[in-house]
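Novice: Provided herewith is a single structure, encoded as structure tokens, for subsequent inquiry.
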Amino acid sequence: MEEIYTAGDIEARAQQFWDEQQTFRVSEDPAREKYYCLSMFPYPSGRLHMGHVRNYSIGDVITRYQRMQGRNVLQPMGWDAFGLPAENAAIQNQVPPAKWTRENIDYMRNQLKQLGFGYDWERELATCDPEYYRWEQWFFTRLFEKGVVYKKTAVVNWDPVDNTVLANEQVIDGRGWRSGALVERREIPQWFLKITDYADELLNDIDTLEGWPEQVRTMQRNWIGRSEGIEMQFGLSGRDDSLSIYTTRPDTLMGVTYVAVAPEHPLATGAAAGNAALAAFIEECRQSGVSEATLATQEKKGLDTGLTAVHPISGEQVPIWAANFVLMEYGSGAVMSVPAHDQRDYEFARQNGIAIRQVIYPASDDQQADLDKQAFIEKGVLQNSAGFDGLTSAEAFEAIGDWLEQAGKGARQVNYRLRDWGVSRQRYWGCPIPVINCASCGAVPVPEADLPVTLPTDVTVDATGSPLKKMAAFIETTCPVCGDPAERETDTFDTFFESSWYFARYACADNSSAMLDERANYWMPVDQYVGGIEHAVLHLLYARFFNKLMRDEGLLVSDEPFTCLLTQGMVLKDGSKMSKSKGNTVDPQGLIDQYGADTVRLFTMFAAPPEQSLEWSDSGVEGASRFLKRLWKQVYQHVAAGPAAALNVAELNAAQKAVRHSVHTTLAKVSDDVGRRYTFNTAIAANMELLNTLARFADDSDQGRAVMQEALDAVVLMLSPIVPHITHELWQQLGHGQAVVDCAWPLVDEAALVQASIALVVQVNGKVRGRINVSPDASREIIEAAVMDEENVQKHIADKTVRKIIVVPGKLVNVVV
RNA sequence: GCCGGGGUGGCGGAACUGGUAGACGCAGUGGACUCAAAAUCCACCGGUAGCAAUACCGUGCGAGUUCGAUUCUCGCCCUCGGCACCA
């Protein structure tokens, strides 16, 4: 055995071994328990960043640990290869997106291999492969036939200078990122998936996701936003039609003093025809981005349309305002406004001189309503509400609901905040939407025999929008129904489309005749999914939705795709997210070259628990490297002295027993940390502590060396999922024939955990005043007597009377005076 | 603005179910080894007072519950993630 640890050679040898043995190649084996561990696949942006290293290290530790538990473990890897950055790179460097993407994939695949992650590379997929995206095109046409997809107009960010649609992130302070032009809202026709049809199931099934973090489940529930309310009709003065409005607070209905509609609402745009000021206001509202964060934080503005609505109960005429805070996408694009009982309506009414009418009064004395200062938003008792006076808010909800239903002016309705999923993107580098637009037949799905609709890759990309829209050869086709000349759809899918089913495709990535086959039902659902917390809502909700769509199409049997979810925190440098614009990135490659993959993996696992953000530290990496050198040295010194004798537990002296006790308490703790808690940082810390103990244990006797052998074997096995290369080598050097990657996780010897005496903390009035040593089975009486014997305890009791003594078994004693 | 997290020594973090605050590591200080340096090894390492034993203070801020609160409750401050076209 070499005396000095050299990561480079060791890592190359271990990786070659796994490669030759096809260690991580798996197939279906009904006789064994399967375990599917999946990390979110990366966007091939060029090089791995620290977030990837962290994500994939976590997944690899879990994978290797589960292998040691004897399970049939699948861990695949692939590429989320469509997306905006490839187009940006194309504009900047005149390199076609396909070429750029392929080169990035090749480079990053090599980096993943250098890091020693145990993937089954046979299953690798890239979403920009026609062999991959043809199946989502096929699936879309199935959904089309079923009526799950439909087309409607929706607003986008429009850059009037570059004449292109911008992503929200390309809008900076209301201006296009390249042109600097003020962004406009523009309505264009787009394809939607009816995710709202699944809103109830998506909501209810959250309850079954017990392996998910509670915060993610809460965020998804809030995102879906189920509410119960009343949908009612406000009449329109001087018109035959009416205005549909939804409210969750019908108890406040008699306090309505105006109605607000979105600036794009037909009522507002209609009224603008004869109203220059209103037209100017609507135009002004059009000059802003579409993101909800933008709309919610901008100054609340509105203008009276001059139209009036008729209150469904009182018949009173209330003004209709156009307001920039009402979203056309949400509900009917109109809201009733009750300034007395809604803070936003209150501020808007104050600002615009609209009446404030209180109809809800506090039900008890602990509540106060001061409408000179703010709205009273609590529930209470109704007044000034005609026939509903005296009812509580809850009673009024029912009474007003009944009244409206009987009058034919409204109905109880469940509403969702969730909106249907718009999947059209006016981009080049994505999966073409398989639709042909025919003048006489309308939108027609591309027949299965003509799939895939292949994305042309020989293109020049510039800042003025998708090159597809200028490619006659791509666009011009014939209608599959009538055979007349027709035009191909030039929009591509939202890239969330690809990432909504890749997890199932890994099970049968080689199938060229079907989207999924029976192997998907062997591997699905994913047992452990690992990825960034930033995907808590969108990706994870779309993937859950898609899984249900695939189930309903008969492609899968599971209701949910991911049994357990681990949301990893971000990697920070100097307190903020690493990014090129901040210039605070750390390139993993340099660290791999300098220290080796094991050091990088060890540091990322040690610096913080997986769910927390991780603060990068170069000197911390140095520390991780030092630990591996010490581990190497400890094994080297042991091995250099020749083979150890067999362990005979009955012959051990007190010091040897103490070391064995440390080994097995560490083993128990690390098994729990790695297997249940996923706190790899504390698992590593416990091993560091144990190695410190072993370094102080100098015992050349036969049993001393036997204890050391058992201890080093345990440390190597415990660390092997985290630092697989060095432990691969050390395990051989410790005299074992089997590769460490194929070993079983070590078992705790319960007998080694038993101790002759344990230390209890002694408190007086909750403050630590000393410690006592007692036998683990000492009675309460013996413990109390020992406590009272303590000098420092007596001093703090002094002349006071002992009121009670609290004994927490195995931990502490608190004397209350 | 709305939804969800987080805040503990000089730094990253530990304390798992309300029970010893600061494990482990980094940085630092002192020492050993060396001609010297690096590396390595040993010791110390929250603040104040004290030779020490020990005492008091201390987990973002303010209240509360409890024998006991980093942990639970309420209010506030700061910060990070998401907000439907970044992935």
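Identifiers in the structure tokens: chain A, B, ... in order shown; residue index from 1 per chain; ligand index from 1 in order shown.
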Counting only C-alpha atoms (C1' of nucleotides), a student should be able to say which residues of chain A come within 8 Å of chain B; what is the right answer, written as JSON, numbers by chain?
Specialist: {"A": [43, 83, 84, 156, 166, 167, 168, 169, 215, 216, 218, 219, 222, 223, 291, 292, 293, 296, 297, 419, 421, 425, 494, 533, 534, 536, 537, 538, 607, 608, 615, 617, 619, 620, 623, 682, 684, 685, 686, 688, 689, 761, 765, 766, 768, 806, 808, 811, 812, 814, 815, 816]}
Novice: Contacts of A:Gly642 at 10 Å or less, counting only C-alpha atoms (C1' of nucleotides), minus same-chain residues fewer than 3 places along, as a PyMOL selection string?
Specialist: chain A and resi 637-639+645+705+734
Novice: Among stretch 362-531 of chain A, which ones does DSSP assign to helix (DSSP H, G or I) (computed from the backbone)? Answer as a PyMOL selection string.
Specialist: chain A and resi 386-388+393-406+448-450+467-470+472-475+498-500+502-508+518-523
Novice: One decimal, in Å: what's the spacing between atom C1' of B:G22 and atom CA of A:Ser613?
Specialist: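 Atom CA of A:Ser613 lies at a distance of 19.9 Å from atom C1' of B:G22.
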Novice: DSSP on the backbone, strand (DSSP E) only: what residues of stretch 695-793 of chain A does that give? Format it as a PyMOL selection string.
Specialist: chain A and resi 758-764+767-774
Novice: Residues near A:Gln594, anyone? I mean within 10 Å using only C-alpha atoms (C1' of nucleotides), not counting same-chain ones fewer than 6 positions away, as a list in words.
Specialist: Ala7, Gly8, Pro588 and Val600 of chain A
Novice: Fewer than 6 positions away in the same chain doesn't count, so skip those; otherwise give me all residues within 8 Å of A:Leu468, counting only C-alpha atoms (C1' of nucleotides), as a list in words.
Specialist: Tyr428, Phe474, Ile475 and Thr490 of chain A
Novice: With N, CA and C atoms retained, export the selected residues as an mmCIF file, in the first residue's frame.
Specialist:
data_model
loop_
_atom_site.group_PDB
_atom_site.id
_atom_site.type_symbol
_atom_site.label_atom_id
_atom_site.label_comp_id
_atom_site.auth_asym_id
_atom_site.auth_seq_id
_atom_site.Cartn_x
_atom_site.Cartn_y
_atom_site.Cartn_z
ATOM 1 N N TYR A 428 -37.592 28.776 -30.912
ATOM 2 C CA TYR A 428 -37.055 27.790 -31.839
ATOM 3 C C TYR A 428 -36.610 26.510 -31.121
ATOM 4 N N PHE A 474 -40.271 24.181 -43.608
ATOM 5 C CA PHE A 474 -40.837 23.577 -42.412
ATOM 6 C C PHE A 474 -42.341 23.808 -42.343
ATOM 7 N N ILE A 475 -42.732 25.036 -42.681
ATOM 8 C CA ILE A 475 -44.126 25.443 -42.493
ATOM 9 C C ILE A 475 -45.064 24.811 -43.528
ATOM 10 N N THR A 490 -45.732 26.686 -35.770
ATOM 11 C CA THR A 490 -44.301 26.977 -35.572
ATOM 12 C C THR A 490 -43.934 27.164 -34.109
#
Novice: Which residue is closest to A:Met108? Choose from A:His796, A:Arg47, A:Arg226, A:Arg660 and count only C-alpha atoms.
Specialist: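 For A:Met108, the nearest of the candidates is A:Arg47.
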Novice: Measuring atom to atom with only C-alpha atoms, identify which of A:Ser779, A:Ser579, A:Thr153, A:Asn547 is nearest to A:Glu329.
Specialist: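 With only C-alpha atoms as the atom set, the closest residue is A:Thr153.
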Novice: Which neighbours of A:Gln351 fall inside 12 Å, counting only C-alpha atoms (C1' of nucleotides), when residues of the same chain fewer than 2 positions from it are skipped, and could you give them as a compact mmCIF listing (two decimals) with N, CA, C and O atoms, in the first residue's frame?
Specialist:
# COMPACT_ATOMS: atom_id res chain seq x y z
N GLU A 299 -47.99 50.17 -8.64
CA GLU A 299 -48.95 51.07 -8.00
C GLU A 299 -50.36 50.73 -8.48
O GLU A 299 -50.60 50.51 -9.67
N LYS A 300 -51.30 50.67 -7.53
CA LYS A 300 -52.68 50.35 -7.89
C LYS A 300 -53.30 51.56 -8.59
O LYS A 300 -53.37 52.64 -8.02
N LYS A 301 -53.72 51.32 -9.84
CA LYS A 301 -54.31 52.42 -10.59
C LYS A 301 -55.62 51.97 -11.21
O LYS A 301 -55.77 50.78 -11.55
N GLY A 302 -56.53 52.91 -11.40
CA GLY A 302 -57.79 52.57 -12.04
C GLY A 302 -58.46 53.79 -12.60
O GLY A 302 -58.06 54.94 -12.33
N LEU A 303 -59.48 53.55 -13.43
CA LEU A 303 -60.22 54.66 -14.01
C LEU A 303 -61.68 54.22 -14.16
O LEU A 303 -61.95 53.07 -14.54
N PRO A 339 -64.79 48.05 -0.07
CA PRO A 339 -63.71 48.79 0.60
C PRO A 339 -63.71 48.63 2.12
O PRO A 339 -62.64 48.60 2.72
N ARG A 344 -57.15 46.01 0.04
CA ARG A 344 -56.80 46.57 -1.26
C ARG A 344 -57.93 47.46 -1.79
O ARG A 344 -57.69 48.56 -2.28
N ASP A 345 -59.17 46.97 -1.64
CA ASP A 345 -60.32 47.77 -2.07
C ASP A 345 -60.41 49.06 -1.26
O ASP A 345 -60.79 50.12 -1.78
N TYR A 346 -60.07 48.95 0.02
CA TYR A 346 -60.11 50.10 0.93
C TYR A 346 -59.15 51.19 0.44
O TYR A 346 -59.52 52.35 0.31
N GLU A 347 -57.90 50.77 0.16
CA GLU A 347 -56.91 51.74 -0.29
C GLU A 347 -57.31 52.36 -1.63
O GLU A 347 -57.17 53.56 -1.84
N PHE A 348 -57.85 51.52 -2.49
CA PHE A 348 -58.26 52.00 -3.81
C PHE A 348 -59.42 52.99 -3.69
O PHE A 348 -59.44 54.03 -4.36
N ALA A 349 -60.36 52.70 -2.80
CA ALA A 349 -61.52 53.58 -2.61
C ALA A 349 -61.09 54.92 -2.01
O ALA A 349 -61.53 55.98 -2.44
N GLY A 353 -61.76 58.28 -3.98
CA GLY A 353 -62.97 58.91 -3.50
C GLY A 353 -64.23 58.09 -3.69
O GLY A 353 -65.31 58.62 -3.97
N ILE A 354 -64.10 56.78 -3.53
CA ILE A 354 -65.25 55.89 -3.66
C ILE A 354 -65.81 55.62 -2.25
O ILE A 354 -65.04 55.56 -1.28
N ALA A 355 -67.12 55.45 -2.17
CA ALA A 355 -67.77 55.26 -0.87
C ALA A 355 -67.30 53.99 -0.16
O ALA A 355 -66.95 53.00 -0.80
N ILE A 356 -67.24 54.07 1.17
CA ILE A 356 -66.88 52.92 2.00
C ILE A 356 -68.10 52.63 2.88
O ILE A 356 -68.53 53.49 3.64
Novice: Considering only C-alpha atoms (C1' of nucleotides), return as a ChimeraX atom specification whatever protein or nucleic-acid residues lie within 12 Å of B:G62, sequence-local ones (same chain, fewer than 5 positions apart) excluded.
Specialist: /B:74-77
Novice: For the selection you just gave me, I'd like the residues written to a file as an mmCIF file, in the first residue's frame, keeping all heavy atoms.
Specialist:
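Dumped everything to part-v5.cif:
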data_model
loop_
_atom_site.group_PDB
_atom_site.id
_atom_site.type_symbol
_atom_site.label_atom_id
_atom_site.label_comp_id
_atom_site.auth_asym_id
_atom_site.auth_seq_id
_atom_site.Cartn_x
_atom_site.Cartn_y
_atom_site.Cartn_z
ATOM 1 P P C B 74 -48.858 31.383 16.326
ATOM 2 O OP1 C B 74 -49.997 31.212 15.407
ATOM 3 O OP2 C B 74 -47.480 31.158 15.861
ATOM 4 O "O5'" C B 74 -48.917 32.852 16.945
ATOM 5 C "C5'" C B 74 -50.134 33.373 17.473
ATOM 6 C "C4'" C B 74 -49.882 34.716 18.097
ATOM 7 O "O4'" C B 74 -48.986 34.568 19.240
ATOM 8 C "C3'" C B 74 -49.150 35.727 17.227
ATOM 9 O "O3'" C B 74 -49.988 36.342 16.281
ATOM 10 C "C2'" C B 74 -48.621 36.699 18.262
ATOM 11 O "O2'" C B 74 -49.625 37.559 18.749
ATOM 12 C "C1'" C B 74 -48.200 35.734 19.372
ATOM 13 N N1 C B 74 -46.761 35.376 19.279
ATOM 14 C C2 C B 74 -45.814 36.243 19.838
ATOM 15 O O2 C B 74 -46.206 37.280 20.391
ATOM 16 N N3 C B 74 -44.494 35.929 19.752
ATOM 17 C C4 C B 74 -44.113 34.807 19.144
ATOM 18 N N4 C B 74 -42.807 34.546 19.101
ATOM 19 C C5 C B 74 -45.053 33.906 18.564
ATOM 20 C C6 C B 74 -46.358 34.221 18.647
ATOM 21 P P G B 75 -49.364 36.798 14.880
ATOM 22 O OP1 G B 75 -50.509 37.169 14.027
ATOM 23 O OP2 G B 75 -48.390 35.789 14.415
ATOM 24 O "O5'" G B 75 -48.555 38.118 15.267
ATOM 25 C "C5'" G B 75 -49.247 39.284 15.697
ATOM 26 C "C4'" G B 75 -48.258 40.320 16.166
ATOM 27 O "O4'" G B 75 -47.488 39.780 17.286
ATOM 28 C "C3'" G B 75 -47.175 40.711 15.177
ATOM 29 O "O3'" G B 75 -47.624 41.627 14.200
ATOM 30 C "C2'" G B 75 -46.125 41.326 16.102
ATOM 31 O "O2'" G B 75 -46.491 42.619 16.539
ATOM 32 C "C1'" G B 75 -46.183 40.354 17.288
ATOM 33 N N9 G B 75 -45.185 39.295 17.120
ATOM 34 C C8 G B 75 -45.373 37.990 16.708
ATOM 35 N N7 G B 75 -44.258 37.300 16.658
ATOM 36 C C5 G B 75 -43.274 38.211 17.043
ATOM 37 C C6 G B 75 -41.866 38.047 17.180
ATOM 38 O O6 G B 75 -41.180 37.041 16.973
ATOM 39 N N1 G B 75 -41.247 39.216 17.594
ATOM 40 C C2 G B 75 -41.913 40.400 17.861
ATOM 41 N N2 G B 75 -41.146 41.425 18.237
ATOM 42 N N3 G B 75 -43.215 40.567 17.741
ATOM 43 C C4 G B 75 -43.834 39.440 17.329
ATOM 44 P P C B 76 -46.911 41.601 12.746
ATOM 45 O OP1 C B 76 -47.629 42.576 11.901
ATOM 46 O OP2 C B 76 -46.761 40.201 12.297
ATOM 47 O "O5'" C B 76 -45.445 42.166 13.039
ATOM 48 C "C5'" C B 76 -45.232 43.548 13.268
ATOM 49 C "C4'" C B 76 -43.827 43.799 13.727
ATOM 50 O "O4'" C B 76 -43.441 42.818 14.727
ATOM 51 C "C3'" C B 76 -42.739 43.654 12.680
ATOM 52 O "O3'" C B 76 -42.652 44.779 11.829
ATOM 53 C "C2'" C B 76 -41.503 43.501 13.559
ATOM 54 O "O2'" C B 76 -41.079 44.739 14.101
ATOM 55 C "C1'" C B 76 -42.035 42.616 14.681
ATOM 56 N N1 C B 76 -41.750 41.183 14.434
ATOM 57 C C2 C B 76 -40.435 40.718 14.634
ATOM 58 O O2 C B 76 -39.571 41.529 15.016
ATOM 59 N N3 C B 76 -40.143 39.422 14.416
ATOM 60 C C4 C B 76 -41.103 38.584 14.014
ATOM 61 N N4 C B 76 -40.765 37.315 13.814
ATOM 62 C C5 C B 76 -42.438 39.019 13.796
ATOM 63 C C6 C B 76 -42.721 40.313 14.008
ATOM 64 P P C B 77 -42.096 44.560 10.334
ATOM 65 O OP1 C B 77 -42.354 45.826 9.622
ATOM 66 O OP2 C B 77 -42.604 43.280 9.790
ATOM 67 O "O5'" C B 77 -40.521 44.406 10.554
ATOM 68 C "C5'" C B 77 -39.747 45.491 11.036
ATOM 69 C "C4'" C B 77 -38.314 45.064 11.219
ATOM 70 O "O4'" C B 77 -38.254 43.971 12.170
ATOM 71 C "C3'" C B 77 -37.654 44.480 9.978
ATOM 72 O "O3'" C B 77 -37.187 45.486 9.102
ATOM 73 C "C2'" C B 77 -36.521 43.665 10.586
ATOM 74 O "O2'" C B 77 -35.441 44.486 10.988
ATOM 75 C "C1'" C B 77 -37.198 43.087 11.815
ATOM 76 N N1 C B 77 -37.751 41.729 11.589
ATOM 77 C C2 C B 77 -36.868 40.636 11.566
ATOM 78 O O2 C B 77 -35.657 40.835 11.727
ATOM 79 N N3 C B 77 -37.359 39.393 11.374
ATOM 80 C C4 C B 77 -38.672 39.214 11.203
ATOM 81 N N4 C B 77 -39.107 37.967 11.025
ATOM 82 C C5 C B 77 -39.590 40.304 11.214
ATOM 83 C C6 C B 77 -39.093 41.533 11.406
#
